[in-house]
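One file, data-v3.txt, carrying compact mmCIF, N, CA and C atoms:
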```txt
# COMPACT_ATOMS: atom_id res chain seq x y z
N MET A 1 75.71 95.45 88.85
CA MET A 1 75.22 95.63 87.51
C MET A 1 74.23 96.79 87.51
N SER A 2 74.40 97.72 86.57
CA SER A 2 73.52 98.88 86.55
C SER A 2 72.24 98.55 85.79
N LYS A 3 71.19 99.23 86.16
CA LYS A 3 69.90 99.01 85.54
C LYS A 3 69.70 100.07 84.46
N VAL A 4 69.29 99.64 83.29
CA VAL A 4 69.06 100.55 82.18
C VAL A 4 67.56 100.79 82.08
N THR A 5 67.17 102.05 82.02
CA THR A 5 65.75 102.37 81.87
C THR A 5 65.57 103.25 80.65
N PHE A 6 64.39 103.21 80.07
CA PHE A 6 64.06 104.06 78.94
C PHE A 6 63.26 105.25 79.48
N ARG A 7 63.72 106.46 79.16
CA ARG A 7 63.00 107.65 79.58
C ARG A 7 61.91 107.92 78.55
N GLN A 8 60.70 108.10 78.99
CA GLN A 8 59.59 108.30 78.07
C GLN A 8 59.13 109.74 78.12
N THR A 9 59.08 110.36 76.95
CA THR A 9 58.51 111.70 76.82
C THR A 9 57.25 111.57 76.00
N GLN A 10 56.55 112.69 75.83
CA GLN A 10 55.29 112.63 75.11
C GLN A 10 55.48 112.12 73.68
N GLY A 11 56.57 112.52 73.02
CA GLY A 11 56.82 112.09 71.65
C GLY A 11 57.32 110.66 71.55
N ASP A 12 57.68 110.06 72.67
CA ASP A 12 58.23 108.71 72.65
C ASP A 12 57.19 107.63 72.91
N ALA A 13 55.94 107.99 73.01
CA ALA A 13 54.92 107.02 73.38
C ALA A 13 54.84 105.87 72.38
N GLU A 14 54.85 106.19 71.07
CA GLU A 14 54.78 105.13 70.07
C GLU A 14 56.03 104.26 70.09
N GLN A 15 57.19 104.91 70.25
CA GLN A 15 58.45 104.18 70.32
C GLN A 15 58.45 103.26 71.55
N SER A 16 57.96 103.74 72.65
CA SER A 16 57.90 102.94 73.86
C SER A 16 57.02 101.71 73.67
N ARG A 17 55.90 101.89 72.96
CA ARG A 17 55.02 100.75 72.68
C ARG A 17 55.73 99.70 71.86
N SER A 18 56.51 100.14 70.84
CA SER A 18 57.20 99.16 70.01
C SER A 18 58.30 98.46 70.80
N ILE A 19 58.95 99.17 71.71
CA ILE A 19 59.97 98.56 72.56
C ILE A 19 59.33 97.52 73.47
N LYS A 20 58.20 97.89 74.06
CA LYS A 20 57.50 96.93 74.92
C LYS A 20 57.06 95.71 74.12
N SER A 21 56.64 95.95 72.87
CA SER A 21 56.25 94.84 72.01
C SER A 21 57.42 93.90 71.76
N LEU A 22 58.58 94.48 71.47
CA LEU A 22 59.76 93.65 71.24
C LEU A 22 60.17 92.92 72.52
N LYS A 23 60.11 93.63 73.65
CA LYS A 23 60.46 92.98 74.92
C LYS A 23 59.53 91.83 75.22
N SER A 24 58.26 91.98 74.89
CA SER A 24 57.32 90.89 75.16
C SER A 24 57.57 89.72 74.22
N ARG A 25 58.16 89.96 73.06
CA ARG A 25 58.44 88.89 72.11
C ARG A 25 59.58 88.00 72.58
N VAL A 26 60.33 88.42 73.60
CA VAL A 26 61.42 87.58 74.07
C VAL A 26 60.89 86.24 74.56
N GLY A 27 59.62 86.21 74.95
CA GLY A 27 59.00 84.95 75.34
C GLY A 27 58.94 83.97 74.19
N GLU A 28 58.96 84.49 72.95
CA GLU A 28 58.94 83.64 71.77
C GLU A 28 60.32 83.03 71.51
N ILE A 29 61.35 83.60 72.10
CA ILE A 29 62.70 83.10 71.91
C ILE A 29 62.93 81.96 72.89
N ASN A 30 63.47 80.88 72.39
CA ASN A 30 63.73 79.71 73.22
C ASN A 30 65.07 79.91 73.93
N ILE A 31 65.02 80.34 75.18
CA ILE A 31 66.22 80.62 75.96
C ILE A 31 67.08 79.36 76.10
N ASP A 32 66.46 78.20 76.22
CA ASP A 32 67.23 76.95 76.30
C ASP A 32 68.06 76.75 75.03
N TYR A 33 67.44 77.03 73.88
CA TYR A 33 68.13 76.87 72.60
C TYR A 33 69.30 77.85 72.49
N VAL A 34 69.08 79.11 72.86
CA VAL A 34 70.12 80.13 72.80
C VAL A 34 71.28 79.75 73.73
N ALA A 35 70.96 79.29 74.92
CA ALA A 35 71.99 78.89 75.88
C ALA A 35 72.79 77.70 75.35
N ARG A 36 72.10 76.77 74.70
CA ARG A 36 72.80 75.61 74.14
C ARG A 36 73.73 76.04 73.00
N LEU A 37 73.26 76.98 72.16
CA LEU A 37 74.11 77.49 71.08
C LEU A 37 75.36 78.17 71.63
N ALA A 38 75.20 78.87 72.74
CA ALA A 38 76.33 79.57 73.35
C ALA A 38 77.13 78.66 74.27
N ASN A 39 76.68 77.43 74.43
CA ASN A 39 77.34 76.45 75.30
C ASN A 39 77.43 76.97 76.73
N ILE A 40 76.31 77.51 77.20
CA ILE A 40 76.23 78.05 78.56
C ILE A 40 75.15 77.29 79.32
N PRO A 41 75.52 76.48 80.32
CA PRO A 41 74.50 75.82 81.12
C PRO A 41 73.84 76.83 82.06
N LEU A 42 72.52 76.87 82.07
CA LEU A 42 71.79 77.83 82.88
C LEU A 42 70.80 77.13 83.81
N ILE A 43 70.67 77.66 85.01
CA ILE A 43 69.62 77.20 85.91
C ILE A 43 68.39 78.08 85.67
N SER A 44 67.26 77.70 86.23
CA SER A 44 65.99 78.38 85.91
C SER A 44 66.02 79.87 86.27
N THR A 45 66.64 80.24 87.39
CA THR A 45 66.69 81.67 87.74
C THR A 45 67.54 82.45 86.75
N GLU A 46 68.61 81.83 86.27
CA GLU A 46 69.45 82.49 85.27
C GLU A 46 68.70 82.65 83.95
N LYS A 47 67.88 81.65 83.61
CA LYS A 47 67.10 81.74 82.38
C LYS A 47 66.15 82.93 82.43
N LYS A 48 65.51 83.13 83.58
CA LYS A 48 64.59 84.27 83.73
C LYS A 48 65.36 85.58 83.62
N THR A 49 66.53 85.64 84.25
CA THR A 49 67.35 86.85 84.20
C THR A 49 67.78 87.15 82.78
N PHE A 50 68.29 86.14 82.07
CA PHE A 50 68.76 86.34 80.71
C PHE A 50 67.60 86.67 79.76
N ALA A 51 66.45 86.10 79.99
CA ALA A 51 65.28 86.42 79.15
C ALA A 51 64.94 87.90 79.29
N LYS A 52 64.99 88.41 80.52
CA LYS A 52 64.70 89.83 80.75
C LYS A 52 65.78 90.70 80.09
N GLN A 53 67.04 90.31 80.23
CA GLN A 53 68.14 91.07 79.64
C GLN A 53 68.06 91.05 78.12
N LEU A 54 67.70 89.91 77.55
CA LEU A 54 67.56 89.81 76.10
C LEU A 54 66.44 90.73 75.62
N GLY A 55 65.40 90.84 76.40
CA GLY A 55 64.32 91.78 76.07
C GLY A 55 64.83 93.21 76.01
N GLY A 56 65.73 93.56 76.93
CA GLY A 56 66.32 94.89 76.92
C GLY A 56 67.17 95.13 75.68
N VAL A 57 67.93 94.12 75.30
CA VAL A 57 68.76 94.23 74.10
C VAL A 57 67.87 94.41 72.87
N LEU A 58 66.82 93.62 72.78
CA LEU A 58 65.90 93.75 71.65
C LEU A 58 65.24 95.13 71.63
N GLY A 59 65.00 95.68 72.82
CA GLY A 59 64.46 97.03 72.91
C GLY A 59 65.41 98.05 72.30
N TYR A 60 66.69 97.90 72.56
CA TYR A 60 67.67 98.81 71.96
C TYR A 60 67.69 98.66 70.44
N PHE A 61 67.59 97.44 69.94
CA PHE A 61 67.56 97.25 68.50
C PHE A 61 66.32 97.91 67.90
N SER A 62 65.23 97.84 68.62
CA SER A 62 64.00 98.49 68.16
C SER A 62 64.22 99.99 68.05
N LYS A 63 64.90 100.57 69.03
CA LYS A 63 65.18 102.01 68.97
C LYS A 63 66.05 102.34 67.77
N LEU A 64 67.07 101.51 67.51
CA LEU A 64 67.96 101.76 66.38
C LEU A 64 67.23 101.68 65.05
N SER A 65 66.28 100.76 64.94
CA SER A 65 65.56 100.61 63.68
C SER A 65 64.67 101.80 63.38
N GLU A 66 64.41 102.62 64.36
CA GLU A 66 63.54 103.78 64.17
C GLU A 66 64.32 105.05 63.84
N VAL A 67 65.64 104.98 63.80
CA VAL A 67 66.45 106.14 63.45
C VAL A 67 66.32 106.41 61.96
N ASP A 68 66.06 107.67 61.59
CA ASP A 68 65.92 108.05 60.19
C ASP A 68 67.29 108.11 59.54
N THR A 69 67.57 107.16 58.65
CA THR A 69 68.85 107.12 57.96
C THR A 69 68.68 107.36 56.46
N ALA A 70 67.57 107.94 56.04
CA ALA A 70 67.27 108.13 54.63
C ALA A 70 68.32 108.97 53.92
N ARG A 71 68.89 109.96 54.60
CA ARG A 71 69.86 110.85 53.96
C ARG A 71 71.30 110.50 54.32
N VAL A 72 71.51 109.35 54.92
CA VAL A 72 72.85 108.93 55.31
C VAL A 72 73.40 107.98 54.25
N GLU A 73 74.57 108.33 53.71
CA GLU A 73 75.17 107.48 52.69
C GLU A 73 75.82 106.27 53.36
N PRO A 74 75.64 105.08 52.79
CA PRO A 74 76.29 103.89 53.35
C PRO A 74 77.80 103.98 53.17
N ILE A 75 78.54 103.52 54.17
CA ILE A 75 80.00 103.52 54.09
C ILE A 75 80.53 102.18 54.54
N GLY A 76 81.66 101.80 54.00
CA GLY A 76 82.31 100.56 54.42
C GLY A 76 83.23 100.80 55.60
N HIS A 77 83.83 101.99 55.65
CA HIS A 77 84.70 102.36 56.75
C HIS A 77 84.80 103.88 56.78
N ILE A 78 85.33 104.44 57.83
CA ILE A 78 85.33 105.89 57.98
C ILE A 78 86.68 106.54 57.75
N THR A 79 87.71 105.77 57.47
CA THR A 79 89.05 106.36 57.36
C THR A 79 89.32 106.99 56.01
N GLY A 80 88.65 106.52 54.96
CA GLY A 80 88.92 107.04 53.64
C GLY A 80 90.16 106.45 53.00
N LEU A 81 90.85 105.57 53.69
CA LEU A 81 92.06 104.95 53.15
C LEU A 81 91.69 103.86 52.15
N THR A 82 92.54 103.69 51.14
CA THR A 82 92.33 102.61 50.18
C THR A 82 93.64 101.86 50.01
N ASN A 83 93.53 100.61 49.62
CA ASN A 83 94.69 99.77 49.36
C ASN A 83 95.71 99.81 50.50
N VAL A 84 95.28 99.55 51.69
CA VAL A 84 96.18 99.59 52.84
C VAL A 84 96.80 98.23 53.15
N VAL A 85 96.52 97.24 52.32
CA VAL A 85 97.11 95.93 52.54
C VAL A 85 98.30 95.75 51.61
N ARG A 86 99.22 94.92 52.01
CA ARG A 86 100.41 94.69 51.19
C ARG A 86 100.07 93.75 50.04
N ASP A 87 100.90 93.76 49.03
CA ASP A 87 100.75 92.82 47.92
C ASP A 87 101.06 91.41 48.40
N ASP A 88 100.35 90.43 47.85
CA ASP A 88 100.66 89.04 48.15
C ASP A 88 101.95 88.66 47.44
N ARG A 89 102.84 88.02 48.16
CA ARG A 89 104.10 87.57 47.58
C ARG A 89 104.37 86.15 48.05
N THR A 90 104.85 85.34 47.15
CA THR A 90 105.22 83.98 47.55
C THR A 90 106.56 84.04 48.27
N ALA A 91 106.73 83.14 49.21
CA ALA A 91 107.97 83.08 49.98
C ALA A 91 108.25 81.63 50.31
N PRO A 92 109.50 81.30 50.57
CA PRO A 92 109.81 79.92 50.95
C PRO A 92 109.03 79.52 52.22
N SER A 93 108.64 78.27 52.28
CA SER A 93 107.88 77.78 53.42
C SER A 93 108.38 76.39 53.78
N ILE A 94 107.76 75.79 54.76
CA ILE A 94 108.15 74.44 55.15
C ILE A 94 107.36 73.43 54.33
N THR A 95 107.85 72.22 54.26
CA THR A 95 107.17 71.17 53.52
C THR A 95 106.03 70.61 54.37
N GLN A 96 105.19 69.84 53.74
CA GLN A 96 104.07 69.21 54.46
C GLN A 96 104.60 68.26 55.54
N ASP A 97 105.62 67.52 55.22
CA ASP A 97 106.20 66.59 56.20
C ASP A 97 106.78 67.35 57.39
N GLU A 98 107.44 68.49 57.14
CA GLU A 98 107.98 69.30 58.24
C GLU A 98 106.86 69.86 59.11
N ALA A 99 105.75 70.23 58.49
CA ALA A 99 104.62 70.76 59.25
C ALA A 99 104.01 69.69 60.15
N LEU A 100 104.04 68.45 59.71
CA LEU A 100 103.40 67.36 60.45
C LEU A 100 104.31 66.67 61.45
N VAL A 101 105.60 67.02 61.47
CA VAL A 101 106.56 66.28 62.27
C VAL A 101 106.21 66.25 63.77
N ASN A 102 105.64 67.30 64.32
CA ASN A 102 105.31 67.34 65.75
C ASN A 102 103.82 67.09 66.04
N ALA A 103 103.06 66.75 65.02
CA ALA A 103 101.63 66.51 65.21
C ALA A 103 101.42 65.24 66.01
N PRO A 104 100.56 65.27 67.02
CA PRO A 104 100.31 64.06 67.81
C PRO A 104 99.69 62.94 66.97
N LYS A 105 98.82 63.30 66.00
CA LYS A 105 98.19 62.29 65.15
C LYS A 105 98.11 62.85 63.73
N THR A 106 98.38 61.99 62.75
CA THR A 106 98.23 62.36 61.35
C THR A 106 97.48 61.25 60.62
N TYR A 107 96.92 61.58 59.48
CA TYR A 107 96.21 60.61 58.65
C TYR A 107 96.38 61.02 57.19
N ASN A 108 97.00 60.18 56.41
CA ASN A 108 97.22 60.42 54.98
C ASN A 108 97.84 61.79 54.69
N GLY A 109 98.80 62.19 55.50
CA GLY A 109 99.49 63.44 55.27
C GLY A 109 98.77 64.68 55.77
N PHE A 110 97.78 64.51 56.64
CA PHE A 110 97.03 65.64 57.21
C PHE A 110 97.03 65.55 58.72
N PHE A 111 96.77 66.66 59.39
CA PHE A 111 96.58 66.65 60.84
C PHE A 111 95.30 65.89 61.14
N GLU A 112 95.31 65.07 62.17
CA GLU A 112 94.10 64.37 62.60
C GLU A 112 93.74 64.90 63.97
N VAL A 113 92.48 65.31 64.11
CA VAL A 113 92.01 65.86 65.39
C VAL A 113 90.75 65.14 65.81
N ASP A 114 90.46 65.18 67.11
CA ASP A 114 89.24 64.58 67.60
C ASP A 114 88.04 65.44 67.18
N ALA A 115 86.92 64.81 66.98
CA ALA A 115 85.69 65.52 66.62
C ALA A 115 85.28 66.45 67.76
N ILE A 116 84.79 67.62 67.40
CA ILE A 116 84.35 68.56 68.43
C ILE A 116 82.84 68.77 68.40
N PHE A 117 82.19 68.23 67.40
CA PHE A 117 80.74 68.38 67.29
C PHE A 117 80.06 67.11 67.74
N GLU A 118 78.93 67.28 68.39
CA GLU A 118 78.15 66.14 68.84
C GLU A 118 76.85 66.13 68.06
N GLU A 119 76.38 64.95 67.76
CA GLU A 119 75.08 64.85 67.11
C GLU A 119 74.00 65.11 68.15
N GLN A 120 73.00 65.87 67.74
CA GLN A 120 71.91 66.20 68.66
C GLN A 120 70.61 65.61 68.12
N ALA A 121 69.84 65.08 69.01
CA ALA A 121 68.59 64.44 68.61
C ALA A 121 67.54 65.47 68.33
```
Can the structure from this file be put into structure tokens for me?
Amino acid sequence: MSKVTFRQTQGDAEQSRSIKSLKSRVGEINIDYVARLANIPLISTEKKTFAKQLGGVLGYFSKLSEVDTARVEPIGHITGLTNVVRDDRTAPSITQDEALVNAPKTYNGFFEVDAIFEEQA
């Protein structure tokens, strides 16, 4: 894994301070909570590593927020193409019963699946 460093010049001193400020704020982020959201079990050494890496990511976002975009027009896409999707058309399809014929479990004419969410205290 390569190490990313920020090169500091005389004009970058203020920017560097804000990056360091953002990196120090990673301590405010609950790494356990983020890992649980991502469904990634972490040991303590991994938590320290990811906390440091997250600080680096936040540093990059800090740099991006300092870019002067005052004269840049917002765009939705860069191709300039419009109406590139086809028209919606109705077409014959299968019936609900045909759709459910191979389903392992059904309930009142719908697919039945096991719950994937767990209640958390």
For CA of Gly56 (chain A) and CA of Asn30 (chain A), the interatomic separation in Å (one decimal):
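Pair CA of Gly56 (chain A) / CA of Asn30 (chain A) returns 15.8 Å.
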Would you compute the distance between CA of Asp32 (chain A) and CA of Phe50 (chain A)? Give it in Å to one decimal.
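Distance between the two atoms: 10.5 Å.
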Rounded to one decimal, what separation in Å do you get between CA of Glu46 (chain A) and CA of Tyr33 (chain A)?
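Interatomic distance here is 13.9 Å.
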The centre and edge lengths of an axis-aligned box containing all atoms of region 71-88 of chain A present in the file, extended by 5 Å on each side, are to be given in Å to one decimal, as JSON.
```
{"center_x": 85.4, "center_y": 99.8, "center_z": 52.7, "size_x": 43.1, "size_y": 32.2, "size_z": 20.5}
```
Write out as a list in words all residues of region 28-115 of chain A that backbone DSSP assigns to strand (DSSP E or B).
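Going through region 28-115 of chain A, the strand (DSSP E or B) residues come out as Thr106, Tyr107, Phe110 and Phe111 of chain A.
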Atoms kept (N, CA and C atoms) for selection, written as a JSON list (two decimals), in the coordinates of the input:
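File produced: selection_14.json:
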```json
[["chain", "number", "residue", "atom", "x", "y", "z"],
["A", 106, "THR", "N", 98.38, 61.99, 62.75],
["A", 106, "THR", "CA", 98.23, 62.36, 61.35],
["A", 106, "THR", "C", 97.48, 61.25, 60.62],
["A", 107, "TYR", "N", 96.92, 61.58, 59.48],
["A", 107, "TYR", "CA", 96.21, 60.61, 58.65],
["A", 107, "TYR", "C", 96.38, 61.02, 57.19],
["A", 110, "PHE", "N", 97.78, 64.51, 56.64],
["A", 110, "PHE", "CA", 97.03, 65.64, 57.21],
["A", 110, "PHE", "C", 97.03, 65.55, 58.72],
["A", 111, "PHE", "N", 96.77, 66.66, 59.39],
["A", 111, "PHE", "CA", 96.58, 66.65, 60.84],
["A", 111, "PHE", "C", 95.30, 65.89, 61.14]]
```
